[in-house]
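Participant: run21.pdb is reproduced in full below (PDB, N, CA and C atoms, pLDDT in the B column).
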ATOM      1  N   MET A   1     -94.969  83.054 -95.172  1.00 49.00           N
ATOM      2  CA  MET A   1     -96.014  82.686 -94.256  1.00 49.00           C
ATOM      3  C   MET A   1     -95.782  81.248 -93.810  1.00 49.00           C
ATOM      4  N   ALA A   2     -95.925  81.019 -92.513  1.00 53.00           N
ATOM      5  CA  ALA A   2     -95.675  79.703 -91.955  1.00 53.00           C
ATOM      6  C   ALA A   2     -96.814  78.749 -92.279  1.00 53.00           C
ATOM      7  N   GLN A   3     -96.483  77.481 -92.372  1.00 58.00           N
ATOM      8  CA  GLN A   3     -97.478  76.437 -92.606  1.00 58.00           C
ATOM      9  C   GLN A   3     -98.265  76.219 -91.326  1.00 58.00           C
ATOM     10  N   SER A   4     -99.556  76.161 -91.394  1.00 59.00           N
ATOM     11  CA  SER A   4    -100.398  75.966 -90.221  1.00 59.00           C
ATOM     12  C   SER A   4    -100.483  74.488 -89.870  1.00 59.00           C
ATOM     13  N   ASN A   5    -100.385  74.197 -88.588  1.00 63.00           N
ATOM     14  CA  ASN A   5    -100.552  72.833 -88.108  1.00 63.00           C
ATOM     15  C   ASN A   5    -101.940  72.612 -87.539  1.00 63.00           C
ATOM     16  N   SER A   6    -102.846  73.507 -87.832  1.00 65.00           N
ATOM     17  CA  SER A   6    -104.193  73.451 -87.280  1.00 65.00           C
ATOM     18  C   SER A   6    -104.953  72.248 -87.833  1.00 65.00           C
ATOM     19  N   SER A   7    -105.789  71.676 -86.979  1.00 72.00           N
ATOM     20  CA  SER A   7    -106.631  70.570 -87.436  1.00 72.00           C
ATOM     21  C   SER A   7    -107.958  71.075 -87.980  1.00 72.00           C
ATOM     22  N   ASN A   8    -108.162  72.395 -87.935  1.00 74.00           N
ATOM     23  CA  ASN A   8    -109.395  72.967 -88.475  1.00 74.00           C
ATOM     24  C   ASN A   8    -109.383  72.887 -89.993  1.00 74.00           C
ATOM     25  N   ASN A   9    -110.482  72.442 -90.555  1.00 83.00           N
ATOM     26  CA  ASN A   9    -110.617  72.383 -92.001  1.00 83.00           C
ATOM     27  C   ASN A   9    -111.605  73.443 -92.447  1.00 83.00           C
ATOM     28  N   LEU A  10    -111.217  74.232 -93.428  1.00 83.00           N
ATOM     29  CA  LEU A  10    -112.102  75.262 -93.943  1.00 83.00           C
ATOM     30  C   LEU A  10    -113.190  74.640 -94.798  1.00 83.00           C
ATOM     31  N   VAL A  11    -114.399  75.131 -94.644  1.00 88.00           N
ATOM     32  CA  VAL A  11    -115.506  74.668 -95.469  1.00 88.00           C
ATOM     33  C   VAL A  11    -115.276  75.131 -96.907  1.00 88.00           C
ATOM     34  N   VAL A  12    -114.743  76.340 -97.057  1.00 87.00           N
ATOM     35  CA  VAL A  12    -114.420  76.898 -98.366  1.00 87.00           C
ATOM     36  C   VAL A  12    -112.906  77.127 -98.395  1.00 87.00           C
ATOM     37  N   PRO A  13    -112.128  76.156 -98.899  1.00 84.00           N
ATOM     38  CA  PRO A  13    -110.668  76.271 -98.870  1.00 84.00           C
ATOM     39  C   PRO A  13    -110.132  77.538 -99.536  1.00 84.00           C
ATOM     40  N   ARG A  14    -110.837  78.070-100.527  1.00 89.00           N
ATOM     41  CA  ARG A  14    -110.371  79.288-101.204  1.00 89.00           C
ATOM     42  C   ARG A  14    -110.411  80.498-100.280  1.00 89.00           C
ATOM     43  N   ALA A  15    -111.080  80.387 -99.139  1.00 89.00           N
ATOM     44  CA  ALA A  15    -111.197  81.497 -98.199  1.00 89.00           C
ATOM     45  C   ALA A  15    -109.943  81.681 -97.352  1.00 89.00           C
ATOM     46  N   ASN A  16    -108.988  80.781 -97.466  1.00 91.00           N
ATOM     47  CA  ASN A  16    -107.795  80.816 -96.624  1.00 91.00           C
ATOM     48  C   ASN A  16    -107.047  82.153 -96.720  1.00 91.00           C
ATOM     49  N   ALA A  17    -106.833  82.650 -97.916  1.00 91.00           N
ATOM     50  CA  ALA A  17    -106.098  83.908 -98.087  1.00 91.00           C
ATOM     51  C   ALA A  17    -106.849  85.073 -97.448  1.00 91.00           C
ATOM     52  N   ALA A  18    -108.157  85.101 -97.598  1.00 93.00           N
ATOM     53  CA  ALA A  18    -108.955  86.177 -97.012  1.00 93.00           C
ATOM     54  C   ALA A  18    -108.917  86.106 -95.490  1.00 93.00           C
ATOM     55  N   LEU A  19    -108.947  84.910 -94.922  1.00 92.00           N
ATOM     56  CA  LEU A  19    -108.880  84.759 -93.477  1.00 92.00           C
ATOM     57  C   LEU A  19    -107.509  85.165 -92.944  1.00 92.00           C
ATOM     58  N   GLU A  20    -106.464  84.831 -93.668  1.00 92.00           N
ATOM     59  CA  GLU A  20    -105.111  85.260 -93.271  1.00 92.00           C
ATOM     60  C   GLU A  20    -105.018  86.779 -93.270  1.00 92.00           C
ATOM     61  N   GLN A  21    -105.552  87.403 -94.306  1.00 93.00           N
ATOM     62  CA  GLN A  21    -105.539  88.862 -94.396  1.00 93.00           C
ATOM     63  C   GLN A  21    -106.329  89.465 -93.236  1.00 93.00           C
ATOM     64  N   LEU A  22    -107.470  88.876 -92.933  1.00 94.00           N
ATOM     65  CA  LEU A  22    -108.306  89.350 -91.839  1.00 94.00           C
ATOM     66  C   LEU A  22    -107.560  89.242 -90.513  1.00 94.00           C
ATOM     67  N   LYS A  23    -106.813  88.173 -90.334  1.00 94.00           N
ATOM     68  CA  LYS A  23    -106.042  87.977 -89.103  1.00 94.00           C
ATOM     69  C   LYS A  23    -105.053  89.124 -88.904  1.00 94.00           C
ATOM     70  N   TYR A  24    -104.339  89.491 -89.963  1.00 94.00           N
ATOM     71  CA  TYR A  24    -103.359  90.565 -89.861  1.00 94.00           C
ATOM     72  C   TYR A  24    -104.041  91.928 -89.668  1.00 94.00           C
ATOM     73  N   GLU A  25    -105.182  92.147 -90.308  1.00 95.00           N
ATOM     74  CA  GLU A  25    -105.922  93.400 -90.131  1.00 95.00           C
ATOM     75  C   GLU A  25    -106.401  93.556 -88.692  1.00 95.00           C
ATOM     76  N   VAL A  26    -106.974  92.494 -88.150  1.00 96.00           N
ATOM     77  CA  VAL A  26    -107.487  92.543 -86.784  1.00 96.00           C
ATOM     78  C   VAL A  26    -106.337  92.752 -85.802  1.00 96.00           C
ATOM     79  N   ALA A  27    -105.242  92.037 -85.993  1.00 96.00           N
ATOM     80  CA  ALA A  27    -104.088  92.194 -85.105  1.00 96.00           C
ATOM     81  C   ALA A  27    -103.588  93.634 -85.121  1.00 96.00           C
ATOM     82  N   GLN A  28    -103.532  94.230 -86.294  1.00 96.00           N
ATOM     83  CA  GLN A  28    -103.079  95.616 -86.404  1.00 96.00           C
ATOM     84  C   GLN A  28    -104.047  96.550 -85.673  1.00 96.00           C
ATOM     85  N   GLU A  29    -105.347  96.343 -85.844  1.00 96.00           N
ATOM     86  CA  GLU A  29    -106.347  97.163 -85.160  1.00 96.00           C
ATOM     87  C   GLU A  29    -106.215  97.059 -83.646  1.00 96.00           C
ATOM     88  N   LEU A  30    -105.842  95.871 -83.159  1.00 96.00           N
ATOM     89  CA  LEU A  30    -105.703  95.653 -81.720  1.00 96.00           C
ATOM     90  C   LEU A  30    -104.322  96.064 -81.206  1.00 96.00           C
ATOM     91  N   GLY A  31    -103.424  96.445 -82.107  1.00 96.00           N
ATOM     92  CA  GLY A  31    -102.073  96.830 -81.703  1.00 96.00           C
ATOM     93  C   GLY A  31    -101.194  95.646 -81.348  1.00 96.00           C
ATOM     94  N   ILE A  32    -101.501  94.487 -81.931  1.00 95.00           N
ATOM     95  CA  ILE A  32    -100.744  93.266 -81.674  1.00 95.00           C
ATOM     96  C   ILE A  32     -99.884  92.973 -82.900  1.00 95.00           C
ATOM     97  N   SER A  33     -98.608  92.702 -82.663  1.00 94.00           N
ATOM     98  CA  SER A  33     -97.696  92.390 -83.769  1.00 94.00           C
ATOM     99  C   SER A  33     -97.602  90.887 -83.954  1.00 94.00           C
ATOM    100  N   ILE A  34     -97.911  90.429 -85.154  1.00 93.00           N
ATOM    101  CA  ILE A  34     -97.701  89.023 -85.515  1.00 93.00           C
ATOM    102  C   ILE A  34     -96.324  88.954 -86.146  1.00 93.00           C
ATOM    103  N   PRO A  35     -95.457  88.060 -85.662  1.00 91.00           N
ATOM    104  CA  PRO A  35     -94.098  87.969 -86.218  1.00 91.00           C
ATOM    105  C   PRO A  35     -94.119  87.745 -87.731  1.00 91.00           C
ATOM    106  N   GLN A  36     -93.124  88.309 -88.404  1.00 87.00           N
ATOM    107  CA  GLN A  36     -93.034  88.213 -89.859  1.00 87.00           C
ATOM    108  C   GLN A  36     -92.988  86.768 -90.351  1.00 87.00           C
ATOM    109  N   ASP A  37     -92.396  85.869 -89.552  1.00 89.00           N
ATOM    110  CA  ASP A  37     -92.319  84.476 -89.993  1.00 89.00           C
ATOM    111  C   ASP A  37     -93.646  83.729 -89.803  1.00 89.00           C
ATOM    112  N   GLY A  38     -94.644  84.409 -89.200  1.00 81.00           N
ATOM    113  CA  GLY A  38     -95.958  83.803 -89.036  1.00 81.00           C
ATOM    114  C   GLY A  38     -96.086  82.906 -87.824  1.00 81.00           C
ATOM    115  N   TYR A  39     -94.978  82.652 -87.118  1.00 89.00           N
ATOM    116  CA  TYR A  39     -95.013  81.787 -85.937  1.00 89.00           C
ATOM    117  C   TYR A  39     -95.608  82.550 -84.764  1.00 89.00           C
ATOM    118  N   GLN A  40     -96.717  82.061 -84.248  1.00 89.00           N
ATOM    119  CA  GLN A  40     -97.407  82.747 -83.165  1.00 89.00           C
ATOM    120  C   GLN A  40     -97.196  82.075 -81.814  1.00 89.00           C
ATOM    121  N   GLY A  41     -96.274  81.122 -81.740  1.00 90.00           N
ATOM    122  CA  GLY A  41     -96.034  80.379 -80.508  1.00 90.00           C
ATOM    123  C   GLY A  41     -95.497  81.210 -79.368  1.00 90.00           C
ATOM    124  N   ASN A  42     -94.868  82.335 -79.672  1.00 93.00           N
ATOM    125  CA  ASN A  42     -94.334  83.192 -78.616  1.00 93.00           C
ATOM    126  C   ASN A  42     -95.305  84.283 -78.201  1.00 93.00           C
ATOM    127  N   MET A  43     -96.476  84.300 -78.810  1.00 94.00           N
ATOM    128  CA  MET A  43     -97.496  85.271 -78.443  1.00 94.00           C
ATOM    129  C   MET A  43     -98.287  84.721 -77.258  1.00 94.00           C
ATOM    130  N   THR A  44     -98.876  85.624 -76.470  1.00 95.00           N
ATOM    131  CA  THR A  44     -99.642  85.167 -75.311  1.00 95.00           C
ATOM    132  C   THR A  44    -100.987  84.592 -75.747  1.00 95.00           C
ATOM    133  N   SER A  45    -101.556  83.794 -74.865  1.00 95.00           N
ATOM    134  CA  SER A  45    -102.895  83.251 -75.123  1.00 95.00           C
ATOM    135  C   SER A  45    -103.909  84.373 -75.247  1.00 95.00           C
ATOM    136  N   TYR A  46    -103.718  85.418 -74.454  1.00 96.00           N
ATOM    137  CA  TYR A  46    -104.617  86.565 -74.499  1.00 96.00           C
ATOM    138  C   TYR A  46    -104.583  87.227 -75.874  1.00 96.00           C
ATOM    139  N   GLU A  47    -103.371  87.410 -76.419  1.00 96.00           N
ATOM    140  CA  GLU A  47    -103.239  88.039 -77.737  1.00 96.00           C
ATOM    141  C   GLU A  47    -103.890  87.187 -78.813  1.00 96.00           C
ATOM    142  N   ASN A  48    -103.562  85.895 -78.827  1.00 95.00           N
ATOM    143  CA  ASN A  48    -104.145  85.003 -79.831  1.00 95.00           C
ATOM    144  C   ASN A  48    -105.657  84.898 -79.672  1.00 95.00           C
ATOM    145  N   GLY A  49    -106.128  84.837 -78.426  1.00 96.00           N
ATOM    146  CA  GLY A  49    -107.563  84.769 -78.184  1.00 96.00           C
ATOM    147  C   GLY A  49    -108.284  86.034 -78.614  1.00 96.00           C
ATOM    148  N   SER A  50    -107.639  87.182 -78.396  1.00 96.00           N
ATOM    149  CA  SER A  50    -108.240  88.453 -78.813  1.00 96.00           C
ATOM    150  C   SER A  50    -108.392  88.516 -80.320  1.00 96.00           C
ATOM    151  N   ILE A  51    -107.353  88.098 -81.017  1.00 96.00           N
ATOM    152  CA  ILE A  51    -107.401  88.097 -82.483  1.00 96.00           C
ATOM    153  C   ILE A  51    -108.511  87.172 -82.963  1.00 96.00           C
ATOM    154  N   GLY A  52    -108.546  85.952 -82.444  1.00 95.00           N
ATOM    155  CA  GLY A  52    -109.568  84.987 -82.846  1.00 95.00           C
ATOM    156  C   GLY A  52    -110.970  85.452 -82.513  1.00 95.00           C
ATOM    157  N   GLY A  53    -111.132  86.063 -81.347  1.00 97.00           N
ATOM    158  CA  GLY A  53    -112.443  86.553 -80.940  1.00 97.00           C
ATOM    159  C   GLY A  53    -112.959  87.656 -81.841  1.00 97.00           C
ATOM    160  N   TYR A  54    -112.076  88.591 -82.187  1.00 97.00           N
ATOM    161  CA  TYR A  54    -112.498  89.683 -83.062  1.00 97.00           C
ATOM    162  C   TYR A  54    -112.761  89.200 -84.484  1.00 97.00           C
ATOM    163  N   ILE A  55    -111.990  88.205 -84.941  1.00 96.00           N
ATOM    164  CA  ILE A  55    -112.254  87.626 -86.263  1.00 96.00           C
ATOM    165  C   ILE A  55    -113.646  86.998 -86.265  1.00 96.00           C
ATOM    166  N   THR A  56    -113.956  86.236 -85.224  1.00 96.00           N
ATOM    167  CA  THR A  56    -115.267  85.595 -85.126  1.00 96.00           C
ATOM    168  C   THR A  56    -116.377  86.635 -85.100  1.00 96.00           C
ATOM    169  N   LYS A  57    -116.188  87.676 -84.317  1.00 96.00           N
ATOM    170  CA  LYS A  57    -117.191  88.737 -84.231  1.00 96.00           C
ATOM    171  C   LYS A  57    -117.423  89.378 -85.598  1.00 96.00           C
ATOM    172  N   ARG A  58    -116.346  89.646 -86.321  1.00 95.00           N
ATOM    173  CA  ARG A  58    -116.470  90.276 -87.635  1.00 95.00           C
ATOM    174  C   ARG A  58    -117.146  89.345 -88.633  1.00 95.00           C
ATOM    175  N   LEU A  59    -116.791  88.051 -88.609  1.00 94.00           N
ATOM    176  CA  LEU A  59    -117.409  87.097 -89.530  1.00 94.00           C
ATOM    177  C   LEU A  59    -118.904  86.934 -89.246  1.00 94.00           C
ATOM    178  N   VAL A  60    -119.283  86.918 -87.971  1.00 96.00           N
ATOM    179  CA  VAL A  60    -120.704  86.826 -87.621  1.00 96.00           C
ATOM    180  C   VAL A  60    -121.445  88.067 -88.125  1.00 96.00           C
ATOM    181  N   THR A  61    -120.842  89.235 -87.947  1.00 96.00           N
ATOM    182  CA  THR A  61    -121.462  90.476 -88.426  1.00 96.00           C
ATOM    183  C   THR A  61    -121.652  90.438 -89.935  1.00 96.00           C
ATOM    184  N   LEU A  62    -120.635  89.978 -90.669  1.00 93.00           N
ATOM    185  CA  LEU A  62    -120.753  89.869 -92.128  1.00 93.00           C
ATOM    186  C   LEU A  62    -121.864  88.906 -92.529  1.00 93.00           C
ATOM    187  N   ALA A  63    -121.932  87.780 -91.845  1.00 93.00           N
ATOM    188  CA  ALA A  63    -122.978  86.793 -92.161  1.00 93.00           C
ATOM    189  C   ALA A  63    -124.367  87.355 -91.871  1.00 93.00           C
ATOM    190  N   GLU A  64    -124.505  88.075 -90.757  1.00 94.00           N
ATOM    191  CA  GLU A  64    -125.797  88.676 -90.428  1.00 94.00           C
ATOM    192  C   GLU A  64    -126.213  89.688 -91.492  1.00 94.00           C
ATOM    193  N   GLN A  65    -125.255  90.489 -91.964  1.00 94.00           N
ATOM    194  CA  GLN A  65    -125.559  91.472 -92.989  1.00 94.00           C
ATOM    195  C   GLN A  65    -125.997  90.807 -94.284  1.00 94.00           C
ATOM    196  N   GLN A  66    -125.307  89.715 -94.642  1.00 92.00           N
ATOM    197  CA  GLN A  66    -125.673  88.991 -95.864  1.00 92.00           C
ATOM    198  C   GLN A  66    -127.069  88.380 -95.731  1.00 92.00           C
ATOM    199  N   LEU A  67    -127.343  87.796 -94.564  1.00 93.00           N
ATOM    200  CA  LEU A  67    -128.669  87.204 -94.366  1.00 93.00           C
ATOM    201  C   LEU A  67    -129.753  88.265 -94.372  1.00 93.00           C
ATOM    202  N   ALA A  68    -129.496  89.389 -93.757  1.00 90.00           N
ATOM    203  CA  ALA A  68    -130.478  90.485 -93.755  1.00 90.00           C
ATOM    204  C   ALA A  68    -130.738  90.960 -95.174  1.00 90.00           C
ATOM    205  N   GLY A  69    -129.714  91.020 -95.998  1.00 85.00           N
ATOM    206  CA  GLY A  69    -129.867  91.425 -97.395  1.00 85.00           C
ATOM    207  C   GLY A  69    -130.660  90.415 -98.201  1.00 85.00           C
ATOM    208  N   GLN A  70    -130.463  89.133 -97.923  1.00 81.00           N
ATOM    209  CA  GLN A  70    -131.196  88.093 -98.640  1.00 81.00           C
ATOM    210  C   GLN A  70    -132.670  88.121 -98.311  1.00 81.00           C
ATOM    211  N   PHE A  71    -132.977  88.316 -97.041  1.00 77.00           N
ATOM    212  CA  PHE A  71    -134.368  88.235 -96.624  1.00 77.00           C
ATOM    213  C   PHE A  71    -135.121  89.537 -96.823  1.00 77.00           C
ATOM    214  N   SER A  72    -134.414  90.657 -96.923  1.00 70.00           N
ATOM    215  CA  SER A  72    -135.122  91.922 -97.134  1.00 70.00           C
ATOM    216  C   SER A  72    -135.547  92.089 -98.600  1.00 70.00           C
ATOM    217  N   GLY A  73    -134.900  91.319 -99.501  1.00 62.00           N
ATOM    218  CA  GLY A  73    -135.230  91.410-100.911  1.00 62.00           C
ATOM    219  C   GLY A  73    -136.404  90.554-101.318  1.00 62.00           C
ATOM    220  N   GLN A  74    -136.950  89.774-100.407  1.00 56.00           N
ATOM    221  CA  GLN A  74    -138.055  88.889-100.754  1.00 56.00           C
ATOM    222  C   GLN A  74    -139.394  89.530-100.522  1.00 56.00           C
TER
END
Please express what this file holds, its structure, as structure tokens.

Facilitator:
Amino acid sequence: MAQSNSSNNLVVPRANAALEQLKYEVAQELGISIPQDGYQGNMTSYENGSIGGYITKRLVTLAEQQLAGQFSGQ
């Protein structure tokens, strides 16, 4: 896996592996191939944006479900 040059800092650093796994799952669902070396520089902006958008959508859905579970138990 390639080293990320992103300036984004994770709030929970231990979540990095789960986010990487999610990236590959979403890409597979969308029919987008991420190169084995992890370098995404040759991918289109549309492909990278689609992956990021679906990851965000899934994370928001998970957070909503967790919040609904917290508040329904009170």

Participant: Please enclose the listed atoms of stretch 9-24 of chain A in an axis-aligned box, pad each side by 8 Å, and write out the centre and the three edge lengths in Å, rounded to one decimal, as AutoDock Vina command-line options.

Facilitator:
--center_x -109.4 --center_y 82.2 --center_z -95.1 --size_x 28.1 --size_y 35.5 --size_z 28.3

Participant: Any idea what the distance is between atom CA of A:Ile55 and atom CA of A:Lys23?

Facilitator: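 These two atoms are separated by 6.8 Å.
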
Participant: Any idea what's packed within 12 Å of stretch 51-54 of chain A, counting only C-alpha atoms, ignoring anything in its chain fewer than 4 positions away? Could you give it as JSON, numbers by chain?

Facilitator: {"A": [19, 20, 22, 23, 24, 25, 26, 27, 28, 29, 30, 31, 32, 33, 34, 40, 43, 44, 45, 46, 47, 58, 59, 60, 61]}

Participant: What parts of chain A does DSSP call alpha helix (DSSP H)? I'd like the answer as JSON, numbers by chain.

Facilitator: {"A": [16, 17, 18, 19, 20, 21, 22, 23, 24, 25, 26, 27, 28, 29, 30, 45, 46, 47, 48, 49, 50, 51, 52, 53, 54, 55, 56, 57, 58, 59, 60, 61, 62, 63, 64, 65, 66, 67, 68, 69, 70, 71, 72]}

Participant: With N, CA and C atoms kept, could you save the residues just selected as a compact mmCIF listing (two decimals), in the coordinates of the input?

Facilitator:
# COMPACT_ATOMS: atom_id res chain seq x y z
N ASN A 16 -108.99 80.78 -97.47
CA ASN A 16 -107.80 80.82 -96.62
C ASN A 16 -107.05 82.15 -96.72
N ALA A 17 -106.83 82.65 -97.92
CA ALA A 17 -106.10 83.91 -98.09
C ALA A 17 -106.85 85.07 -97.45
N ALA A 18 -108.16 85.10 -97.60
CA ALA A 18 -108.96 86.18 -97.01
C ALA A 18 -108.92 86.11 -95.49
N LEU A 19 -108.95 84.91 -94.92
CA LEU A 19 -108.88 84.76 -93.48
C LEU A 19 -107.51 85.16 -92.94
N GLU A 20 -106.46 84.83 -93.67
CA GLU A 20 -105.11 85.26 -93.27
C GLU A 20 -105.02 86.78 -93.27
N GLN A 21 -105.55 87.40 -94.31
CA GLN A 21 -105.54 88.86 -94.40
C GLN A 21 -106.33 89.46 -93.24
N LEU A 22 -107.47 88.88 -92.93
CA LEU A 22 -108.31 89.35 -91.84
C LEU A 22 -107.56 89.24 -90.51
N LYS A 23 -106.81 88.17 -90.33
CA LYS A 23 -106.04 87.98 -89.10
C LYS A 23 -105.05 89.12 -88.90
N TYR A 24 -104.34 89.49 -89.96
CA TYR A 24 -103.36 90.56 -89.86
C TYR A 24 -104.04 91.93 -89.67
N GLU A 25 -105.18 92.15 -90.31
CA GLU A 25 -105.92 93.40 -90.13
C GLU A 25 -106.40 93.56 -88.69
N VAL A 26 -106.97 92.49 -88.15
CA VAL A 26 -107.49 92.54 -86.78
C VAL A 26 -106.34 92.75 -85.80
N ALA A 27 -105.24 92.04 -85.99
CA ALA A 27 -104.09 92.19 -85.10
C ALA A 27 -103.59 93.63 -85.12
N GLN A 28 -103.53 94.23 -86.29
CA GLN A 28 -103.08 95.62 -86.40
C GLN A 28 -104.05 96.55 -85.67
N GLU A 29 -105.35 96.34 -85.84
CA GLU A 29 -106.35 97.16 -85.16
C GLU A 29 -106.22 97.06 -83.65
N LEU A 30 -105.84 95.87 -83.16
CA LEU A 30 -105.70 95.65 -81.72
C LEU A 30 -104.32 96.06 -81.21
N SER A 45 -101.56 83.79 -74.86
CA SER A 45 -102.90 83.25 -75.12
C SER A 45 -103.91 84.37 -75.25
N TYR A 46 -103.72 85.42 -74.45
CA TYR A 46 -104.62 86.56 -74.50
C TYR A 46 -104.58 87.23 -75.87
N GLU A 47 -103.37 87.41 -76.42
CA GLU A 47 -103.24 88.04 -77.74
C GLU A 47 -103.89 87.19 -78.81
N ASN A 48 -103.56 85.90 -78.83
CA ASN A 48 -104.14 85.00 -79.83
C ASN A 48 -105.66 84.90 -79.67
N GLY A 49 -106.13 84.84 -78.43
CA GLY A 49 -107.56 84.77 -78.18
C GLY A 49 -108.28 86.03 -78.61
N SER A 50 -107.64 87.18 -78.40
CA SER A 50 -108.24 88.45 -78.81
C SER A 50 -108.39 88.52 -80.32
N ILE A 51 -107.35 88.10 -81.02
CA ILE A 51 -107.40 88.10 -82.48
C ILE A 51 -108.51 87.17 -82.96
N GLY A 52 -108.55 85.95 -82.44
CA GLY A 52 -109.57 84.99 -82.85
C GLY A 52 -110.97 85.45 -82.51
N GLY A 53 -111.13 86.06 -81.35
CA GLY A 53 -112.44 86.55 -80.94
C GLY A 53 -112.96 87.66 -81.84
N TYR A 54 -112.08 88.59 -82.19
CA TYR A 54 -112.50 89.68 -83.06
C TYR A 54 -112.76 89.20 -84.48
N ILE A 55 -111.99 88.20 -84.94
CA ILE A 55 -112.25 87.63 -86.26
C ILE A 55 -113.65 87.00 -86.26
N THR A 56 -113.96 86.24 -85.22
CA THR A 56 -115.27 85.60 -85.13
C THR A 56 -116.38 86.64 -85.10
N LYS A 57 -116.19 87.68 -84.32
CA LYS A 57 -117.19 88.74 -84.23
C LYS A 57 -117.42 89.38 -85.60
N ARG A 58 -116.35 89.65 -86.32
CA ARG A 58 -116.47 90.28 -87.64
C ARG A 58 -117.15 89.34 -88.63
N LEU A 59 -116.79 88.05 -88.61
CA LEU A 59 -117.41 87.10 -89.53
C LEU A 59 -118.90 86.93 -89.25
N VAL A 60 -119.28 86.92 -87.97
CA VAL A 60 -120.70 86.83 -87.62
C VAL A 60 -121.44 88.07 -88.12
N THR A 61 -120.84 89.24 -87.95
CA THR A 61 -121.46 90.48 -88.43
C THR A 61 -121.65 90.44 -89.94
N LEU A 62 -120.64 89.98 -90.67
CA LEU A 62 -120.75 89.87 -92.13
C LEU A 62 -121.86 88.91 -92.53
N ALA A 63 -121.93 87.78 -91.84
CA ALA A 63 -122.98 86.79 -92.16
C ALA A 63 -124.37 87.36 -91.87
N GLU A 64 -124.50 88.08 -90.76
CA GLU A 64 -125.80 88.68 -90.43
C GLU A 64 -126.21 89.69 -91.49
N GLN A 65 -125.26 90.49 -91.96
CA GLN A 65 -125.56 91.47 -92.99
C GLN A 65 -126.00 90.81 -94.28
N GLN A 66 -125.31 89.72 -94.64
CA GLN A 66 -125.67 88.99 -95.86
C GLN A 66 -127.07 88.38 -95.73
N LEU A 67 -127.34 87.80 -94.56
CA LEU A 67 -128.67 87.20 -94.37
C LEU A 67 -129.75 88.26 -94.37
N ALA A 68 -129.50 89.39 -93.76
CA ALA A 68 -130.48 90.48 -93.76
C ALA A 68 -130.74 90.96 -95.17
N GLY A 69 -129.71 91.02 -96.00
CA GLY A 69 -129.87 91.42 -97.40
C GLY A 69 -130.66 90.42 -98.20
N GLN A 70 -130.46 89.13 -97.92
CA GLN A 70 -131.20 88.09 -98.64
C GLN A 70 -132.67 88.12 -98.31
N PHE A 71 -132.98 88.32 -97.04
CA PHE A 71 -134.37 88.24 -96.62
C PHE A 71 -135.12 89.54 -96.82
N SER A 72 -134.41 90.66 -96.92
CA SER A 72 -135.12 91.92 -97.13
C SER A 72 -135.55 92.09 -98.60

Participant: Could you check how far atom N of A:Asn48 sits from atom CA of A:Gln21, in Å to one decimal?

Facilitator: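 Computed distance, atom N of A:Asn48 to atom CA of A:Gln21, equals 16.0 Å.
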
Participant: Report, in Å with one decimal, the straight-line distance from atom CA of A:Val11 to atom CA of A:Leu62.

Facilitator: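 Distance reported for this atom pair: 16.4 Å.
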